[in-house]
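Raw work-v7.txt, compact mmCIF, C-alpha atoms and all ligand atoms:
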# COMPACT_ATOMS: atom_id res chain seq x y z
CA MET L 1 -7.62 -5.22 16.95
CA MET L 2 -10.52 -2.77 16.50
CA GLU L 3 -14.14 -2.93 17.57
CA LEU L 4 -16.59 -0.37 16.27
CA GLU L 5 -20.34 -0.22 16.72
CA THR L 6 -21.04 -2.30 13.60
CA ILE L 7 -17.66 -3.76 12.57
CA LYS L 8 -15.19 -6.08 14.23
CA VAL L 9 -11.57 -6.30 13.07
CA GLU L 10 -9.21 -9.12 14.00
CA GLN L 11 -5.64 -9.77 12.95
CA GLU L 12 -4.07 -13.12 12.10
CA GLY L 13 -0.46 -12.63 11.02
CA LYS L 14 -0.44 -10.27 8.02
CA VAL L 15 -4.17 -10.75 7.43
CA ALA L 16 -6.94 -8.53 8.83
CA ILE L 17 -10.42 -10.05 9.10
CA VAL L 18 -13.14 -7.41 8.91
CA THR L 19 -16.53 -8.70 10.04
CA LEU L 20 -19.77 -6.85 9.35
CA ASN L 21 -21.29 -7.23 12.77
CA ARG L 22 -25.05 -6.68 12.80
CA PRO L 23 -26.12 -10.32 12.68
CA ASP L 24 -29.61 -9.59 14.04
CA LYS L 25 -30.17 -7.34 11.01
CA ARG L 26 -28.37 -9.75 8.65
CA ASN L 27 -25.50 -7.24 8.50
CA ALA L 28 -27.60 -4.78 6.52
CA MET L 29 -25.62 -1.61 5.81
CA SER L 30 -26.92 1.23 7.97
CA PRO L 31 -25.41 4.74 7.65
CA GLN L 32 -23.39 3.93 10.80
CA LEU L 33 -21.99 0.77 9.19
CA HIS L 34 -20.85 2.80 6.18
CA LEU L 35 -19.14 5.35 8.43
CA ASP L 36 -17.52 2.55 10.43
CA MET L 37 -16.22 0.91 7.24
CA VAL L 38 -14.75 4.22 6.09
CA GLU L 39 -12.91 4.43 9.44
CA VAL L 40 -11.72 0.82 9.38
CA LEU L 41 -10.38 1.02 5.84
CA GLU L 42 -8.65 4.33 6.57
CA GLU L 43 -6.89 2.66 9.52
CA LEU L 44 -5.92 -0.52 7.65
CA ARG L 45 -4.67 1.40 4.61
CA TYR L 46 -1.59 2.56 6.52
CA ARG L 47 -0.82 -0.65 8.41
CA ASP L 48 2.60 -1.96 7.34
CA ASP L 49 1.96 -5.26 9.08
CA ILE L 50 -1.15 -6.06 7.01
CA ASN L 51 -0.99 -7.31 3.40
CA VAL L 52 -4.47 -8.82 2.97
CA VAL L 53 -7.93 -7.81 4.20
CA VAL L 54 -10.70 -10.43 4.35
CA ILE L 55 -14.27 -9.11 4.56
CA THR L 56 -17.02 -11.35 5.91
CA GLY L 57 -20.26 -11.26 7.91
CA ALA L 58 -21.31 -12.35 11.39
CA GLY L 59 -24.12 -14.90 11.71
CA PRO L 60 -26.08 -16.34 8.79
CA ALA L 61 -25.47 -13.46 6.38
CA PHE L 62 -22.54 -11.94 4.55
CA CYS L 63 -24.51 -8.74 4.05
CA GLY L 64 -28.24 -8.19 3.60
CA GLY L 65 -27.59 -5.14 1.39
CA MET L 66 -28.57 -1.62 2.24
CA ASP L 67 -30.46 -1.24 5.48
CA LEU L 68 -33.79 -0.47 3.86
CA LYS L 69 -35.14 1.24 6.97
CA GLU L 70 -32.10 3.14 8.29
CA PHE L 71 -30.62 4.10 4.93
CA PHE L 72 -33.71 4.89 2.85
CA LEU L 73 -36.77 5.47 5.03
CA LYS L 74 -35.11 7.37 7.88
CA ASN L 75 -33.46 9.73 5.40
CA ARG L 76 -36.53 10.11 3.24
CA ASP L 77 -37.08 13.78 4.12
CA ASP L 78 -33.48 14.66 4.90
CA LYS L 79 -31.73 15.46 1.63
CA VAL L 80 -28.37 16.30 3.18
CA GLY L 81 -28.47 13.33 5.55
CA PHE L 82 -29.19 11.02 2.62
CA GLU L 83 -26.43 12.49 0.46
CA LYS L 84 -23.87 12.11 3.26
CA ALA L 85 -24.82 8.48 3.81
CA TYR L 86 -24.93 7.87 0.02
CA ARG L 87 -21.45 9.32 -0.45
CA ALA L 88 -19.90 7.22 2.31
CA ALA L 89 -21.77 4.14 1.04
CA THR L 90 -20.64 4.47 -2.57
CA GLU L 91 -17.08 5.67 -1.88
CA TRP L 92 -15.90 2.82 0.33
CA ARG L 93 -17.36 0.07 -1.82
CA GLY L 94 -16.94 1.64 -5.25
CA ARG L 95 -13.63 3.45 -4.99
CA THR L 96 -11.76 2.85 -1.71
CA LEU L 97 -11.92 -0.94 -2.01
CA ARG L 98 -11.12 -0.98 -5.71
CA TYR L 99 -7.89 0.98 -5.30
CA PHE L 100 -7.09 -0.17 -1.77
CA PRO L 101 -3.33 -0.62 -1.22
CA LYS L 102 -3.86 -4.09 0.27
CA VAL L 103 -5.30 -7.20 -1.34
CA THR L 104 -8.98 -7.67 -0.45
CA ILE L 105 -10.96 -10.92 -0.34
CA ALA L 106 -14.73 -11.23 0.13
CA MET L 107 -15.52 -14.34 2.19
CA ILE L 108 -19.22 -14.85 1.46
CA ASN L 109 -20.57 -16.94 4.30
CA GLY L 110 -24.31 -16.53 3.64
CA PHE L 111 -26.94 -14.10 2.34
CA ALA L 112 -25.66 -11.34 0.03
CA PHE L 113 -28.21 -9.09 -1.61
CA GLY L 114 -28.35 -5.83 -3.53
CA GLY L 115 -25.75 -3.41 -2.16
CA ALA L 116 -23.66 -6.37 -0.98
CA PHE L 117 -22.78 -6.96 -4.65
CA SER L 118 -20.67 -3.79 -4.60
CA ILE L 119 -18.63 -5.10 -1.67
CA ILE L 120 -18.04 -8.37 -3.52
CA GLU L 121 -17.20 -6.63 -6.78
CA GLY L 122 -14.97 -4.07 -5.03
CA CYS L 123 -12.84 -6.83 -3.52
CA ASP L 124 -10.03 -8.30 -5.59
CA LEU L 125 -11.06 -11.89 -4.93
CA ALA L 126 -14.27 -13.52 -3.73
CA VAL L 127 -14.96 -16.98 -2.35
CA ALA L 128 -18.38 -18.19 -1.18
CA ALA L 129 -19.96 -21.09 0.62
CA ASP L 130 -21.61 -23.41 -1.91
CA ASP L 131 -24.97 -22.74 -0.27
CA ALA L 132 -24.61 -18.94 0.17
CA ARG L 133 -27.63 -17.13 -1.30
CA MET L 134 -27.03 -14.03 -3.41
CA GLY L 135 -29.35 -11.91 -5.44
CA LEU L 136 -30.05 -8.59 -7.12
CA SER L 137 -33.23 -8.30 -5.10
CA GLU L 138 -33.97 -4.63 -5.83
CA VAL L 139 -36.57 -5.31 -8.50
CA ASN L 140 -38.43 -7.48 -5.96
CA PHE L 141 -39.15 -4.39 -3.85
CA LYS L 142 -39.89 -2.12 -6.81
CA LEU L 143 -36.43 -0.51 -6.99
CA PHE L 144 -33.49 -1.12 -9.34
CA PRO L 145 -29.78 -1.76 -8.61
CA GLY L 146 -28.97 1.85 -7.74
CA GLY L 147 -25.98 3.52 -6.06
CA SER L 148 -22.82 1.66 -6.98
CA VAL L 149 -24.58 -1.62 -7.83
CA SER L 150 -25.38 -0.90 -11.50
CA LYS L 151 -21.73 -0.06 -12.07
CA SER L 152 -20.66 -3.19 -10.20
CA MET L 153 -22.88 -5.28 -12.48
CA ALA L 154 -21.44 -3.52 -15.53
CA ASN L 155 -17.88 -4.14 -14.32
CA LEU L 156 -18.14 -7.81 -13.50
CA PHE L 157 -21.18 -9.50 -15.03
CA ARG L 158 -21.62 -10.70 -18.56
CA PRO L 159 -24.46 -8.68 -20.11
CA ARG L 160 -26.91 -11.61 -20.24
CA ASP L 161 -26.27 -12.54 -16.59
CA ALA L 162 -26.54 -8.93 -15.39
CA LEU L 163 -29.95 -8.46 -16.95
CA PHE L 164 -31.20 -11.97 -16.16
CA TYR L 165 -30.51 -11.63 -12.46
CA GLY L 166 -31.31 -7.90 -12.35
CA LEU L 167 -34.69 -8.38 -14.03
CA THR L 168 -35.80 -11.56 -12.25
CA GLY L 169 -34.36 -10.80 -8.81
CA ARG L 170 -33.88 -14.57 -8.48
CA PRO L 171 -31.44 -15.67 -5.80
CA PHE L 172 -28.52 -17.91 -6.81
CA ASP L 173 -26.01 -19.94 -4.82
CA GLY L 174 -22.23 -19.98 -4.55
CA VAL L 175 -21.85 -22.63 -7.24
CA GLU L 176 -23.78 -20.51 -9.75
CA ALA L 177 -21.90 -17.35 -8.65
CA ALA L 178 -18.65 -19.11 -9.56
CA ARG L 179 -20.06 -20.38 -12.85
CA ILE L 180 -20.94 -16.87 -14.01
CA GLY L 181 -17.62 -15.42 -12.83
CA PHE L 182 -19.05 -13.24 -10.06
CA ILE L 183 -16.75 -14.97 -7.55
CA ASN L 184 -13.57 -17.03 -7.93
CA TYR L 185 -14.94 -20.30 -6.53
CA SER L 186 -17.14 -21.80 -3.85
CA VAL L 187 -16.52 -24.48 -1.25
CA PRO L 188 -18.70 -26.34 1.28
CA ALA L 189 -19.75 -23.96 4.05
CA ASP L 190 -17.80 -25.80 6.75
CA GLU L 191 -14.57 -25.42 4.75
CA LEU L 192 -15.00 -21.74 3.85
CA ARG L 193 -13.02 -20.07 6.60
CA GLU L 194 -10.09 -22.48 6.49
CA ASN L 195 -9.94 -22.28 2.71
CA VAL L 196 -10.09 -18.48 2.54
CA MET L 197 -7.60 -18.00 5.36
CA ALA L 198 -5.13 -20.34 3.62
CA LEU L 199 -5.52 -18.30 0.44
CA ALA L 200 -5.15 -15.04 2.38
CA HIS L 201 -1.97 -16.23 4.11
CA GLU L 202 -0.50 -17.52 0.84
CA ILE L 203 -0.92 -14.06 -0.70
CA ALA L 204 0.04 -12.18 2.48
CA ALA L 205 3.43 -13.94 2.55
CA LYS L 206 4.43 -12.19 -0.68
CA ASP L 207 5.97 -8.74 -0.95
CA GLY L 208 3.37 -6.10 -0.02
CA GLU L 209 4.64 -3.57 -2.54
CA ALA L 210 4.60 -6.16 -5.35
CA LEU L 211 1.00 -7.06 -4.42
CA ARG L 212 0.00 -3.42 -4.51
CA ALA L 213 1.69 -2.85 -7.88
CA THR L 214 -0.04 -5.95 -9.27
CA LYS L 215 -3.45 -4.51 -8.32
CA ASP L 216 -2.72 -0.99 -9.50
CA GLY L 217 -1.16 -2.15 -12.77
CA TYR L 218 -4.22 -4.24 -13.61
CA ARG L 219 -6.98 -1.95 -12.38
CA LEU L 220 -5.60 1.28 -13.81
CA SER L 221 -4.53 -0.29 -17.13
CA LEU L 222 -8.17 -1.27 -17.62
CA GLU L 223 -8.96 2.43 -17.89
CA MET L 224 -6.02 3.44 -20.14
CA SER L 225 -5.00 3.37 -23.76
CA TRP L 226 -2.14 1.01 -24.64
CA GLU L 227 0.31 3.93 -24.89
CA ALA L 228 -0.71 5.38 -21.52
CA SER L 229 -0.53 1.95 -19.89
CA MET L 230 2.99 1.26 -21.18
CA ASP L 231 4.19 4.58 -19.85
CA TYR L 232 2.36 4.07 -16.55
CA THR L 233 3.72 0.57 -15.91
CA LEU L 234 7.27 1.69 -16.69
CA ALA L 235 6.89 4.51 -14.17
CA LYS L 236 5.28 2.03 -11.76
CA GLN L 237 8.30 -0.25 -12.11
CA ASP L 238 10.59 2.60 -11.08
CA GLN L 239 8.25 3.40 -8.18
CA LEU L 240 8.36 -0.24 -7.04
CA THR L 241 12.16 -0.32 -7.24
CA MET L 242 12.25 2.79 -5.09
CA ARG L 243 9.68 1.58 -2.56
CA GLN L 244 11.42 -1.78 -2.15
CA GLY L 245 14.92 -0.30 -2.10
CA GLY L 246 15.70 -2.44 -5.17
CA GLY L 247 14.23 -5.63 -3.68
CA TRP L 248 12.82 -7.26 -6.80
CA MET L 249 16.10 -6.90 -8.67
CA ASP L 250 18.52 -7.61 -5.83
CA LYS L 251 16.65 -10.24 -3.85
CA GLY L 252 14.01 -11.48 -6.31
CA ILE L 253 16.22 -11.92 -9.35
CA GLY L 254 19.41 -12.27 -7.26
CA ASP L 255 18.20 -15.35 -5.34
CA PHE L 256 17.04 -16.97 -8.59
CA LEU L 257 20.42 -16.46 -10.19
CA GLY L 258 21.98 -17.74 -6.95
CA LYS L 259 19.94 -20.98 -7.47
CA LYS L 260 18.04 -20.45 -4.20
CA TYR L 261 14.51 -20.84 -5.63
CA LYS L 262 12.55 -21.01 -8.87
CA PRO L 263 10.08 -18.10 -9.20
CA GLY L 264 7.98 -20.05 -11.70
CA LEU L 265 7.16 -22.49 -8.91
CA GLU L 266 7.45 -20.62 -5.61
CA SER L 267 7.93 -17.23 -3.92
CA VAL L 268 11.24 -15.80 -2.86
CA GLU L 269 11.67 -15.70 0.93
CA SER L 270 10.72 -12.29 2.25
N1 LIG L 301 -32.59 -3.78 5.61
C1 LIG L 301 -33.11 -3.65 6.85
N2 LIG L 301 -33.35 -4.68 7.69
C2 LIG L 301 -33.03 -5.90 7.24
C3 LIG L 301 -32.49 -6.13 5.97
C4 LIG L 301 -32.26 -5.01 5.14
N3 LIG L 301 -31.72 -5.11 3.93
N4 LIG L 301 -32.28 -7.45 5.81
C5 LIG L 301 -32.69 -8.03 6.96
N5 LIG L 301 -33.14 -7.09 7.83
C6 LIG L 301 -33.68 -7.28 9.18
C7 LIG L 301 -35.13 -7.71 9.18
O1 LIG L 301 -35.98 -6.60 9.02
C8 LIG L 301 -35.22 -8.36 10.52
O2 LIG L 301 -35.30 -7.36 11.51
P1 LIG L 301 -36.27 -7.52 12.82
O3 LIG L 301 -35.78 -8.77 13.50
O4 LIG L 301 -36.03 -6.27 13.61
O5 LIG L 301 -37.66 -7.67 12.28
C9 LIG L 301 -33.87 -9.04 10.69
O6 LIG L 301 -33.00 -8.36 9.81
C10 LIG L 301 -33.87 -10.50 10.30
O7 LIG L 301 -34.45 -10.60 9.01
P2 LIG L 301 -35.38 -11.85 8.59
O8 LIG L 301 -36.03 -11.50 7.31
O9 LIG L 301 -36.27 -12.23 9.71
O10 LIG L 301 -34.25 -12.99 8.43
P3 LIG L 301 -34.17 -14.23 7.45
O11 LIG L 301 -32.89 -14.92 7.81
O12 LIG L 301 -35.42 -15.02 7.48
O13 LIG L 301 -34.05 -13.62 5.96
C11 LIG L 301 -33.07 -12.18 4.28
C12 LIG L 301 -32.88 -12.92 5.61
C13 LIG L 301 -31.76 -11.42 4.05
C14 LIG L 301 -33.34 -13.17 3.16
C15 LIG L 301 -34.28 -11.20 4.40
O14 LIG L 301 -34.18 -10.46 5.61
C16 LIG L 301 -34.36 -10.21 3.25
O15 LIG L 301 -34.88 -10.54 2.20
N6 LIG L 301 -33.81 -8.99 3.46
C17 LIG L 301 -33.78 -7.98 2.43
C18 LIG L 301 -32.65 -8.29 1.45
C19 LIG L 301 -32.58 -7.27 0.34
O16 LIG L 301 -33.42 -7.23 -0.52
N7 LIG L 301 -31.50 -6.47 0.36
C20 LIG L 301 -31.22 -5.53 -0.67
C21 LIG L 301 -31.14 -4.16 -0.14
S1 LIG L 301 -30.32 -3.11 -1.32
Would you write the structure of this file as structure tokens?
Amino acid sequence: MMELETIKVEQEGKVAIVTLNRPDKRNAMSPQLHLDMVEVLEELRYRDDINVVVITGAGPAFCGGMDLKEFFLKNRDDKVGFEKAYRAATEWRGRTLRYFPKVTIAMINGFAFGGAFSIIEGCDLAVAADDARMGLSEVNFKLFPGGSVSKSMANLFRPRDALFYGLTGRPFDGVEAARIGFINYSVPADELRENVMALAHEIAAKDGEALRATKDGYRLSLEMSWEASMDYTLAKQDQLTMRQGGGWMDKGIGDFLGKKYKPGLESVES
């Protein structure tokens, strides 16, 4: 579907699979990888035929975090160069993914360290191999979880877990990641792809506008007062009715009343 220097994109039905593709460097995020991800997400954002985006890594790693050489050392004396790379790096993981108009799933196939936590947190759902190894490794090389990672920890970790793993830098596996709520669940490594793709296709078969409204309603309500949220979701409902041409009322409720399906147990046919 798309092949950039550091990213490969494939399509399977309504699901796009985005693979970080620097296996020799454990898919560490170089400035080029950040720019490539910005381009890929900009393209996928407008694709009507895609409802779900799965992000994974080539080879033994999901993502080795920031490319410590290309991102930090090479930009050491180049303030503007660093700020450009920093902006791209934080925007796509911290903001673009969070409010992306498609559902996003992190498929964590192996190593995930430091900056990789912001990809995982930015995605709506995350599933790992039982034996994947993750860690807030920054303290191990005398740094701290900078960029978007501190905010990712604050958003998703319980306070004790954030500081335990941030301060020790200890790696943990997929089973532990699920226990602390960093991911949804883990499965044996040889079942990961099949499991995640089944989940992706289950979600992708639903109405794309309803999926988008589900994300927006949740994520933006988190930031609002009760009053603002009630007003926002009412406006959102009108927006959804308009975008679907009345679909949820006519087809969604209509087919239920016509005894064609039971929405408590299954999805309406699209
Ligand atoms: N930045 C830059 N290069 C990295 C990297 C990173 N974050 N992670 C891995 N690489 C490179 C290595 O330098 C090595 O390159 P080389 O072959 O040119 O020497 C290559 O990827 C393979 O790494 P290696 O350590 O030999 O592989 P491994 O499978 O034994 O171990 C890791 C993998 C991920 C455990 C290990 O590379 C590591 O600890 N990386 C740093 C992880 C980290 O702290 N990331 C947080 C950054 S915010």
If you measure from CA of Glu121 in chain L to CA of Ile183 in chain L, what distance in Å do you get, rounded to one decimal?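 Computing it gives 8.4 Å between the two atoms.
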I'd like the contact shell of Asp24 in chain L - 9 Å cut-off, all atoms listed in the file, skipping same-chain residues fewer than 3 positions apart - returned as a VMD selection string. chain L and resid 21 27 59
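Between CA of Phe182 in chain L and CA of Pro31 in chain L there is a distance of 26.0 Å.
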Set the distance at 12 Å and use all atoms listed in the file: which residues neighbour Thr214 in chain L once local chain neighbours fewer than 4 positions away are removed? I'd like the list as a ChimeraX atom specification. /L:99-103,124,203,206-210,218-221,233,236-237,240
Residues of chain L at most 12 Å from ligand LIG 301 (chain L): nearest atom pair and distance in Å, only C-alpha atoms and all ligand atoms, as JSON lines:
{"residue": "L:Arg22", "atom": "CA", "partner": "L:LIG301", "partner_atom": "O6", "distance": 8.7}
{"residue": "L:Pro23", "atom": "CA", "partner": "L:LIG301", "partner_atom": "O6", "distance": 7.7}
{"residue": "L:Asp24", "atom": "CA", "partner": "L:LIG301", "partner_atom": "C9", "distance": 5.4}
{"residue": "L:Lys25", "atom": "CA", "partner": "L:LIG301", "partner_atom": "O6", "distance": 3.2}
{"residue": "L:Arg26", "atom": "CA", "partner": "L:LIG301", "partner_atom": "C5", "distance": 4.9}
{"residue": "L:Asn27", "atom": "CA", "partner": "L:LIG301", "partner_atom": "N4", "distance": 7.3}
{"residue": "L:Ala28", "atom": "CA", "partner": "L:LIG301", "partner_atom": "C4", "distance": 4.9}
{"residue": "L:Met29", "atom": "CA", "partner": "L:LIG301", "partner_atom": "N3", "distance": 7.3}
{"residue": "L:Ser30", "atom": "CA", "partner": "L:LIG301", "partner_atom": "N1", "distance": 7.9}
{"residue": "L:Pro31", "atom": "CA", "partner": "L:LIG301", "partner_atom": "N1", "distance": 11.3}
{"residue": "L:Gly59", "atom": "CA", "partner": "L:LIG301", "partner_atom": "O11", "distance": 9.6}
{"residue": "L:Pro60", "atom": "CA", "partner": "L:LIG301", "partner_atom": "O11", "distance": 7.0}
{"residue": "L:Ala61", "atom": "CA", "partner": "L:LIG301", "partner_atom": "C13", "distance": 7.0}
{"residue": "L:Phe62", "atom": "CA", "partner": "L:LIG301", "partner_atom": "C13", "distance": 9.2}
{"residue": "L:Cys63", "atom": "CA", "partner": "L:LIG301", "partner_atom": "C13", "distance": 7.7}
{"residue": "L:Gly64", "atom": "CA", "partner": "L:LIG301", "partner_atom": "N3", "distance": 4.7}
{"residue": "L:Gly65", "atom": "CA", "partner": "L:LIG301", "partner_atom": "C21", "distance": 4.0}
{"residue": "L:Met66", "atom": "CA", "partner": "L:LIG301", "partner_atom": "S1", "distance": 4.2}
{"residue": "L:Asp67", "atom": "CA", "partner": "L:LIG301", "partner_atom": "N1", "distance": 3.3}
{"residue": "L:Leu68", "atom": "CA", "partner": "L:LIG301", "partner_atom": "N1", "distance": 3.9}
{"residue": "L:Lys69", "atom": "CA", "partner": "L:LIG301", "partner_atom": "C1", "distance": 5.3}
{"residue": "L:Glu70", "atom": "CA", "partner": "L:LIG301", "partner_atom": "C1", "distance": 7.0}
{"residue": "L:Phe71", "atom": "CA", "partner": "L:LIG301", "partner_atom": "N1", "distance": 8.2}
{"residue": "L:Phe72", "atom": "CA", "partner": "L:LIG301", "partner_atom": "N1", "distance": 9.2}
{"residue": "L:Leu73", "atom": "CA", "partner": "L:LIG301", "partner_atom": "C1", "distance": 10.0}
{"residue": "L:Lys74", "atom": "CA", "partner": "L:LIG301", "partner_atom": "C1", "distance": 11.2}
{"residue": "L:Ala89", "atom": "CA", "partner": "L:LIG301", "partner_atom": "S1", "distance": 11.5}
{"residue": "L:Gly110", "atom": "CA", "partner": "L:LIG301", "partner_atom": "C13", "distance": 9.0}
{"residue": "L:Phe111", "atom": "CA", "partner": "L:LIG301", "partner_atom": "C13", "distance": 5.8}
{"residue": "L:Ala112", "atom": "CA", "partner": "L:LIG301", "partner_atom": "C13", "distance": 7.3}
{"residue": "L:Phe113", "atom": "CA", "partner": "L:LIG301", "partner_atom": "N7", "distance": 4.6}
{"residue": "L:Gly114", "atom": "CA", "partner": "L:LIG301", "partner_atom": "S1", "distance": 4.0}
{"residue": "L:Gly115", "atom": "CA", "partner": "L:LIG301", "partner_atom": "S1", "distance": 4.7}
{"residue": "L:Ala116", "atom": "CA", "partner": "L:LIG301", "partner_atom": "S1", "distance": 7.4}
{"residue": "L:Phe117", "atom": "CA", "partner": "L:LIG301", "partner_atom": "S1", "distance": 9.1}
{"residue": "L:Ser118", "atom": "CA", "partner": "L:LIG301", "partner_atom": "S1", "distance": 10.2}
{"residue": "L:Ile119", "atom": "CA", "partner": "L:LIG301", "partner_atom": "S1", "distance": 11.9}
{"residue": "L:Ala132", "atom": "CA", "partner": "L:LIG301", "partner_atom": "C14", "distance": 10.9}
{"residue": "L:Arg133", "atom": "CA", "partner": "L:LIG301", "partner_atom": "C14", "distance": 8.3}
{"residue": "L:Met134", "atom": "CA", "partner": "L:LIG301", "partner_atom": "C14", "distance": 9.1}
{"residue": "L:Gly135", "atom": "CA", "partner": "L:LIG301", "partner_atom": "O16", "distance": 7.9}
{"residue": "L:Leu136", "atom": "CA", "partner": "L:LIG301", "partner_atom": "C20", "distance": 7.2}
{"residue": "L:Ser137", "atom": "CA", "partner": "L:LIG301", "partner_atom": "O16", "distance": 4.7}
{"residue": "L:Glu138", "atom": "CA", "partner": "L:LIG301", "partner_atom": "C20", "distance": 5.9}
{"residue": "L:Val139", "atom": "CA", "partner": "L:LIG301", "partner_atom": "O16", "distance": 8.8}
{"residue": "L:Asn140", "atom": "CA", "partner": "L:LIG301", "partner_atom": "O16", "distance": 7.4}
{"residue": "L:Phe141", "atom": "CA", "partner": "L:LIG301", "partner_atom": "O16", "distance": 7.2}
{"residue": "L:Lys142", "atom": "CA", "partner": "L:LIG301", "partner_atom": "O16", "distance": 10.4}
{"residue": "L:Leu143", "atom": "CA", "partner": "L:LIG301", "partner_atom": "S1", "distance": 8.7}
{"residue": "L:Phe144", "atom": "CA", "partner": "L:LIG301", "partner_atom": "S1", "distance": 8.9}
{"residue": "L:Pro145", "atom": "CA", "partner": "L:LIG301", "partner_atom": "S1", "distance": 7.4}
{"residue": "L:Gly146", "atom": "CA", "partner": "L:LIG301", "partner_atom": "S1", "distance": 8.2}
{"residue": "L:Gly147", "atom": "CA", "partner": "L:LIG301", "partner_atom": "S1", "distance": 9.2}
{"residue": "L:Ser148", "atom": "CA", "partner": "L:LIG301", "partner_atom": "S1", "distance": 10.5}
{"residue": "L:Val149", "atom": "CA", "partner": "L:LIG301", "partner_atom": "S1", "distance": 8.8}
{"residue": "L:Ser150", "atom": "CA", "partner": "L:LIG301", "partner_atom": "S1", "distance": 11.5}
{"residue": "L:Gly166", "atom": "CA", "partner": "L:LIG301", "partner_atom": "C20", "distance": 11.9}
{"residue": "L:Gly169", "atom": "CA", "partner": "L:LIG301", "partner_atom": "O16", "distance": 9.1}
{"residue": "L:Arg170", "atom": "CA", "partner": "L:LIG301", "partner_atom": "O16", "distance": 10.8}
{"residue": "L:Pro171", "atom": "CA", "partner": "L:LIG301", "partner_atom": "C14", "distance": 9.5}
Taking all atoms listed in the file into account, name the residue in L:Ala200, L:Asp190, L:Ile7, L:Lys215 that is nearest to Leu97 in chain L.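 So, comparing all the options, the nearest one is L:Lys215.
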Distance query Ala204 in chain L at most 10 Å, only C-alpha atoms, self and fewer than 3 positions along chain excluded, as a VMD selection string: chain L and resid 13 to 15 49 to 53 102 to 103 198 to 201 207 to 208 211
Take CA of Thr6 in chain L and CA of Arg47 in chain L and report the distance between them in Å, one decimal.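 Rounded to one decimal, the two atoms are 20.9 Å apart.
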Restricting the calculation to only C-alpha atoms: of L:Lys251, L:Lys84, L:Arg212, L:Arg193, which residue gets closest to Arg98 in chain L?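 So, comparing all the options, the nearest one is L:Arg212.
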Gly264 in chain L surroundings by only C-alpha atoms, 12 Å radius, close-in-sequence under 4 positions cut, as a PDB file with C-alpha atoms, keeping the file's coordinate frame:
ATOM      1  CA  GLY L 252      14.010 -11.480  -6.310  1.00  0.00           C
ATOM      2  CA  ILE L 253      16.220 -11.920  -9.350  1.00  0.00           C
ATOM      3  CA  PHE L 256      17.040 -16.970  -8.590  1.00  0.00           C
ATOM      4  CA  VAL L 268      11.240 -15.800  -2.860  1.00  0.00           C
TER       5      VAL L 268
END
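Comparing the minimum interatomic distances between Arg160 in chain L and each of L:Ile180, L:Lys79, L:Ser229, L:Gly254, counting only C-alpha atoms, we find that L:Ile180 sits nearest.
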Just the residues within 6 Å of Ser186 in chain L, please, counting all atoms listed in the file, with nothing from its chain fewer than 6 positions along; format it as a count of residues only. 6
